[in-house]
Amino acid sequence: MIGRRVLGVALVMATTTACVAIDRASTSSAGHGADADTTAVVTSTSARFVAFQTAATNMVSDETNGQPHVYRKDRTTGAVVNVDRRGSMRAASASAPAISADGNLVAFVTTTALVPQDVNGVADVYVRDVAAGHTTLATVLPDGSRLTSGERAVRADFDGGHRLLFQASDGGPISSIFLRDLDAATTTLVDGPVALDTLDLSADGNHVAATADCGTPRVCQSFVYVKDLAAPYLYTPEYCDGSTLGGQSANGRFVIVNRGPGCGGNPALFDRDTAAWLDIDLGVTDARVVAVSDDGRVALLTAPDTALPGGTTGFVGLFARRLVGGATERVGVNSKGVAANASQRPEDRYGISGDGTTAVFTSAASNLVPHDTNGRVDAFARVLAHSSDTSSVG
């Protein structure tokens, strides 16, 4: 094993200020809490804009059918817009939000045909340009055709500009990955067909990281690979059965792998330039990285809530780990530093700002912000205690 550094199991609680900055993101423009659960939240690079998925009927006045929809919130002005629409047409439902670096473009998945060319009757990825007020179909194949009746879009991810990675499935475990250039209106096949799970497009648009099925059931389950689009070649940081992708840095240099039991089980950061590993050891089992900052400096992890003092046995907690220095802090705390009174939902989607200063997450906790009485899973944005730290990995 090459050049592994281990950040020891002893955790250091990051020093917090007297007042923790946290706000509820899944509220209407008038500040009303959602009347249904929020199950996914993603953030722009600056964390000014977040996109989230909820079936709430009180986010905007003209979306009240009680089905999941995708919204974008401006955390500076409080403005909330429903993005899964085109002109007077509205999607029956939508899911799987993704947001561009500047927060203007929001992608979503829906089976509703929002453009005349969408006649396949299956789930497709659309992109809403909020500033321009128009919506375009993104799941266009390299030859200009559409997905067929036996296929469906699964998820999408933006780079730092106007390119979108999308995954299209055959309805089962087999998928293909495509890169759509929204400005040039062209699509390139990146990989597939192959069994895929998690995928990520680096902010520079040059690297695709993914969790892939090794293709031999009962012998191995999954591994992580990176594809360099400029080369191109496939790079497997470590072939470890059961490993999954935790994320990658903006330039693709750092890749975080949630390692399988056969390789120690701890998440680890791999530096592609030096081939060195950095273990992310919280001293507990079941820790899993769910997001990483653009510079690879800060990782968000779900883990047993008792990984830090003040946690509740049986709860899943969300933690931010500074990968230089090893300081770890609990993300789900209120302005007085009191831990959330509900477990995190590890199946939900989380995000972190590009500079690693703000985490976005979902929680059913009722004690994170004042007047949270809706009894629902909400989206929150939290400024991290280490936000003034400028150290970097490597």
# chains A, B, ... in the order shown; residues from 1 in each chain; ligands from 1

call {"tool": "residues_around", "arguments": {"residues": "stretch 172-183 of chain A", "least_positions_apart": "3", "cutoff": "7 Å", "atoms": "only C-alpha atoms", "output": "PyMOL selection string"}}
result
chain A and resi 138+162-169+186-196

call {"tool": "write_last_selection", "arguments": {"atoms": "N, CA, C and O atoms", "output": "compact mmCIF listing (two decimals), in the first residue's frame"}}
result
# COMPACT_ATOMS: atom_id res chain seq x y z
N ALA A 138 -32.31 18.09 -21.54
CA ALA A 138 -30.88 17.80 -21.52
C ALA A 138 -30.55 16.40 -21.98
O ALA A 138 -29.45 16.16 -22.49
N HIS A 162 -21.36 25.26 -17.86
CA HIS A 162 -22.64 24.89 -18.45
C HIS A 162 -22.60 23.50 -19.08
O HIS A 162 -23.29 23.24 -20.06
N ARG A 163 -21.81 22.62 -18.50
CA ARG A 163 -21.81 21.23 -18.96
C ARG A 163 -22.44 20.35 -17.89
O ARG A 163 -22.23 20.57 -16.69
N LEU A 164 -23.18 19.37 -18.35
CA LEU A 164 -23.99 18.55 -17.45
C LEU A 164 -23.72 17.08 -17.73
O LEU A 164 -23.77 16.63 -18.88
N LEU A 165 -23.40 16.35 -16.68
CA LEU A 165 -23.23 14.90 -16.78
C LEU A 165 -24.57 14.26 -16.44
O LEU A 165 -25.18 14.60 -15.42
N PHE A 166 -25.06 13.35 -17.29
CA PHE A 166 -26.29 12.67 -16.91
C PHE A 166 -26.15 11.17 -17.11
O PHE A 166 -25.40 10.70 -17.96
N GLN A 167 -26.88 10.45 -16.30
CA GLN A 167 -26.86 8.99 -16.30
C GLN A 167 -28.20 8.49 -16.81
O GLN A 167 -29.26 8.90 -16.34
N ALA A 168 -28.16 7.60 -17.78
CA ALA A 168 -29.37 7.01 -18.35
C ALA A 168 -29.32 5.51 -18.15
O ALA A 168 -28.34 4.85 -18.48
N SER A 169 -30.39 4.96 -17.58
CA SER A 169 -30.45 3.55 -17.24
C SER A 169 -31.34 2.80 -18.23
O SER A 169 -32.23 3.38 -18.85
N THR A 186 -24.38 19.86 -27.67
CA THR A 186 -23.80 18.60 -28.11
C THR A 186 -23.70 17.65 -26.93
O THR A 186 -23.61 18.05 -25.78
N THR A 187 -23.71 16.35 -27.23
CA THR A 187 -23.63 15.32 -26.20
C THR A 187 -22.55 14.31 -26.57
O THR A 187 -22.41 13.93 -27.74
N THR A 188 -21.77 13.88 -25.58
CA THR A 188 -20.70 12.92 -25.76
C THR A 188 -20.91 11.74 -24.83
O THR A 188 -21.24 11.93 -23.65
N LEU A 189 -20.72 10.53 -25.34
CA LEU A 189 -20.76 9.35 -24.48
C LEU A 189 -19.47 9.29 -23.66
O LEU A 189 -18.37 9.31 -24.21
N VAL A 190 -19.60 9.24 -22.34
CA VAL A 190 -18.45 9.17 -21.45
C VAL A 190 -18.09 7.73 -21.13
O VAL A 190 -16.94 7.33 -21.17
N ASP A 191 -19.09 6.93 -20.81
CA ASP A 191 -18.84 5.54 -20.44
C ASP A 191 -20.15 4.76 -20.49
O ASP A 191 -21.23 5.32 -20.34
N GLY A 192 -20.02 3.45 -20.65
CA GLY A 192 -21.18 2.58 -20.60
C GLY A 192 -21.38 1.82 -21.91
O GLY A 192 -20.68 2.06 -22.90
N PRO A 193 -22.31 0.89 -21.90
CA PRO A 193 -23.16 0.56 -20.75
C PRO A 193 -22.39 -0.23 -19.68
O PRO A 193 -21.60 -1.09 -19.98
N VAL A 194 -22.64 0.16 -18.41
CA VAL A 194 -21.99 -0.46 -17.27
C VAL A 194 -22.90 -0.27 -16.06
O VAL A 194 -23.73 0.64 -16.05
N ALA A 195 -22.77 -1.13 -15.07
CA ALA A 195 -23.56 -0.99 -13.86
C ALA A 195 -22.96 0.10 -12.99
O ALA A 195 -21.81 -0.01 -12.55
N LEU A 196 -23.72 1.17 -12.75
CA LEU A 196 -23.21 2.34 -12.04
C LEU A 196 -24.13 2.71 -10.89
O LEU A 196 -25.31 2.43 -10.90

call {"tool": "closest_atom_pairs", "arguments": {"of": "stretch 186-270 of chain A", "to": "stretch 90-105 of chain A", "cutoff": "12 Å", "atoms": "only C-alpha atoms", "output": "tab-separated table"}}
result
residue	atom	partner	partner_atom	distance
A:Asp200	CA	A:Ala98	CA	11.1
A:Leu201	CA	A:Ser100	CA	11.4
A:Ser202	CA	A:Ala101	CA	11.1
A:Ala203	CA	A:Ala101	CA	8.1
A:Asp204	CA	A:Ala101	CA	10.8
A:Gly205	CA	A:Ala101	CA	11.8
A:Ala250	CA	A:Ala101	CA	11.0

call {"tool": "residues_around", "arguments": {"residues": "A:Ser61", "least_positions_apart": "3", "cutoff": "10 Å", "atoms": "only C-alpha atoms", "output": "MDAnalysis selection string"}}
result
chainID A and resid 28 57:58 64 82

call {"tool": "write_last_selection", "arguments": {"atoms": "N, CA, C and O atoms", "output": "compact mmCIF listing (two decimals), in the first residue's frame"}}
result
# COMPACT_ATOMS: atom_id res chain seq x y z
N SER A 28 -40.74 28.98 2.25
CA SER A 28 -41.27 29.79 1.17
C SER A 28 -40.66 31.18 1.22
O SER A 28 -39.93 31.54 2.16
N THR A 57 -46.97 21.87 -0.44
CA THR A 57 -47.95 22.62 -1.23
C THR A 57 -47.90 24.12 -0.94
O THR A 57 -48.71 24.88 -1.50
N ASN A 58 -46.97 24.55 -0.10
CA ASN A 58 -46.95 25.96 0.31
C ASN A 58 -45.65 26.68 -0.03
O ASN A 58 -45.34 27.71 0.55
N THR A 64 -49.49 23.14 -6.05
CA THR A 64 -50.18 22.63 -4.86
C THR A 64 -50.72 21.22 -5.05
O THR A 64 -51.65 20.81 -4.37
N ASN A 82 -40.22 27.72 -8.29
CA ASN A 82 -40.39 26.34 -8.76
C ASN A 82 -39.72 26.23 -10.13
O ASN A 82 -39.99 27.04 -11.02

call {"tool": "residues_around", "arguments": {"residues": "stretch 288-304 of chain A", "least_positions_apart": "5", "cutoff": "6 Å", "atoms": "only C-alpha atoms", "output": "ChimeraX atom specification"}}
result
/A:246-247,249-250,258,316-323,351,354-356,392-393

call {"tool": "write_last_selection", "arguments": {"atoms": "N, CA, C and O atoms", "output": "mmCIF file, in the first residue's frame"}}
result
data_model
loop_
_atom_site.group_PDB
_atom_site.id
_atom_site.type_symbol
_atom_site.label_atom_id
_atom_site.label_comp_id
_atom_site.auth_asym_id
_atom_site.auth_seq_id
_atom_site.Cartn_x
_atom_site.Cartn_y
_atom_site.Cartn_z
ATOM 1 N N GLY A 246 -17.143 8.937 -2.510
ATOM 2 C CA GLY A 246 -17.540 9.984 -1.584
ATOM 3 C C GLY A 246 -17.531 11.367 -2.214
ATOM 4 O O GLY A 246 -18.198 12.277 -1.746
ATOM 5 N N GLY A 247 -16.766 11.544 -3.299
ATOM 6 C CA GLY A 247 -16.690 12.822 -3.988
ATOM 7 C C GLY A 247 -15.294 13.048 -4.530
ATOM 8 O O GLY A 247 -14.391 12.231 -4.338
ATOM 9 N N SER A 249 -12.375 16.493 -5.758
ATOM 10 C CA SER A 249 -12.096 17.917 -5.761
ATOM 11 C C SER A 249 -12.395 18.518 -7.130
ATOM 12 O O SER A 249 -12.637 17.801 -8.103
ATOM 13 N N ALA A 250 -12.364 19.843 -7.202
ATOM 14 C CA ALA A 250 -12.735 20.542 -8.430
ATOM 15 C C ALA A 250 -11.841 20.191 -9.600
ATOM 16 O O ALA A 250 -12.278 20.163 -10.752
ATOM 17 N N ASN A 258 -15.222 5.749 -0.036
ATOM 18 C CA ASN A 258 -15.754 5.065 1.141
ATOM 19 C C ASN A 258 -15.384 3.603 0.998
ATOM 20 O O ASN A 258 -16.000 2.862 0.243
ATOM 21 N N VAL A 316 -28.071 8.825 13.601
ATOM 22 C CA VAL A 316 -27.021 9.072 12.611
ATOM 23 C C VAL A 316 -26.742 10.571 12.612
ATOM 24 O O VAL A 316 -27.666 11.384 12.549
ATOM 25 N N GLY A 317 -25.479 10.945 12.738
ATOM 26 C CA GLY A 317 -25.097 12.353 12.750
ATOM 27 C C GLY A 317 -24.405 12.758 11.464
ATOM 28 O O GLY A 317 -23.948 11.915 10.680
ATOM 29 N N LEU A 318 -24.326 14.066 11.228
ATOM 30 C CA LEU A 318 -23.584 14.611 10.094
ATOM 31 C C LEU A 318 -22.421 15.421 10.656
ATOM 32 O O LEU A 318 -22.599 16.258 11.545
ATOM 33 N N PHE A 319 -21.206 15.179 10.113
ATOM 34 C CA PHE A 319 -19.998 15.792 10.636
ATOM 35 C C PHE A 319 -19.198 16.412 9.496
ATOM 36 O O PHE A 319 -19.240 15.933 8.358
ATOM 37 N N ALA A 320 -18.477 17.474 9.811
ATOM 38 C CA ALA A 320 -17.551 18.090 8.862
ATOM 39 C C ALA A 320 -16.137 17.804 9.347
ATOM 40 O O ALA A 320 -15.799 18.067 10.501
ATOM 41 N N ARG A 321 -15.324 17.265 8.462
ATOM 42 C CA ARG A 321 -13.946 16.901 8.808
ATOM 43 C C ARG A 321 -12.981 17.776 8.029
ATOM 44 O O ARG A 321 -13.029 17.830 6.789
ATOM 45 N N ARG A 322 -12.120 18.497 8.731
ATOM 46 C CA ARG A 322 -11.064 19.261 8.081
ATOM 47 C C ARG A 322 -9.901 18.308 7.856
ATOM 48 O O ARG A 322 -9.329 17.758 8.806
ATOM 49 N N LEU A 323 -9.534 18.083 6.609
ATOM 50 C CA LEU A 323 -8.590 17.019 6.286
ATOM 51 C C LEU A 323 -7.138 17.400 6.553
ATOM 52 O O LEU A 323 -6.265 16.546 6.490
ATOM 53 N N GLY A 351 -24.827 18.579 0.653
ATOM 54 C CA GLY A 351 -23.894 19.357 -0.161
ATOM 55 C C GLY A 351 -23.030 20.253 0.684
ATOM 56 O O GLY A 351 -23.300 20.509 1.864
ATOM 57 N N GLY A 354 -18.291 25.416 -2.327
ATOM 58 C CA GLY A 354 -17.005 25.160 -2.959
ATOM 59 C C GLY A 354 -15.826 25.426 -2.062
ATOM 60 O O GLY A 354 -14.809 24.724 -2.120
ATOM 61 N N ASP A 355 -15.942 26.450 -1.198
ATOM 62 C CA ASP A 355 -14.828 26.783 -0.317
ATOM 63 C C ASP A 355 -14.880 26.020 1.010
ATOM 64 O O ASP A 355 -14.047 26.235 1.886
ATOM 65 N N GLY A 356 -15.848 25.146 1.165
ATOM 66 C CA GLY A 356 -15.919 24.318 2.363
ATOM 67 C C GLY A 356 -16.412 25.031 3.601
ATOM 68 O O GLY A 356 -16.274 24.513 4.707
ATOM 69 N N SER A 392 -4.855 23.779 2.974
ATOM 70 C CA SER A 392 -5.318 22.903 1.905
ATOM 71 C C SER A 392 -4.584 21.588 1.948
ATOM 72 O O SER A 392 -3.513 21.457 2.554
ATOM 73 N N VAL A 393 -5.155 20.587 1.295
ATOM 74 C CA VAL A 393 -4.543 19.286 1.221
ATOM 75 C C VAL A 393 -3.463 19.300 0.159
ATOM 76 O O VAL A 393 -3.604 19.887 -0.893
#

call {"tool": "residues_around", "arguments": {"residues": "A:Val125", "least_positions_apart": "2", "cutoff": "6 Å", "atoms": "only C-alpha atoms", "output": "number ranges by chain"}}
result
A: 108-109, 138-139

call {"tool": "select_by_dssp", "arguments": {"residues": "stretch 127-281 of chain A", "states": "strand (DSSP E or B)", "output": "ChimeraX atom specification"}}
result
/A:127-129,134-137,140,146,152-158,163-169,174-181,186-201,207-213,222-228,233-235,244-248,254-258,267-271,276-280

call {"tool": "closest_residue", "arguments": {"among": "A:Thr236, A:Thr76, A:Thr244, A:Ser26", "to": "A:Ala55", "atoms": "only C-alpha atoms"}}
result
A:Ser26

call {"tool": "atom_distance", "arguments": {"atom1": "atom CA of A:Gly252", "atom2": "atom CA of A:Leu229"}}
result
10.7 Å

call {"tool": "closest_residue", "arguments": {"among": "A:Ser363, A:Thr111, A:Thr135, A:Asn266", "to": "A:Asp279", "atoms": "only C-alpha atoms"}}
result
A:Asn266

call {"tool": "closest_residue", "arguments": {"among": "A:Ile352, A:Ala342, A:Ile280, A:Ala113", "to": "A:Val377", "atoms": "only C-alpha atoms"}}
result
A:Ala342
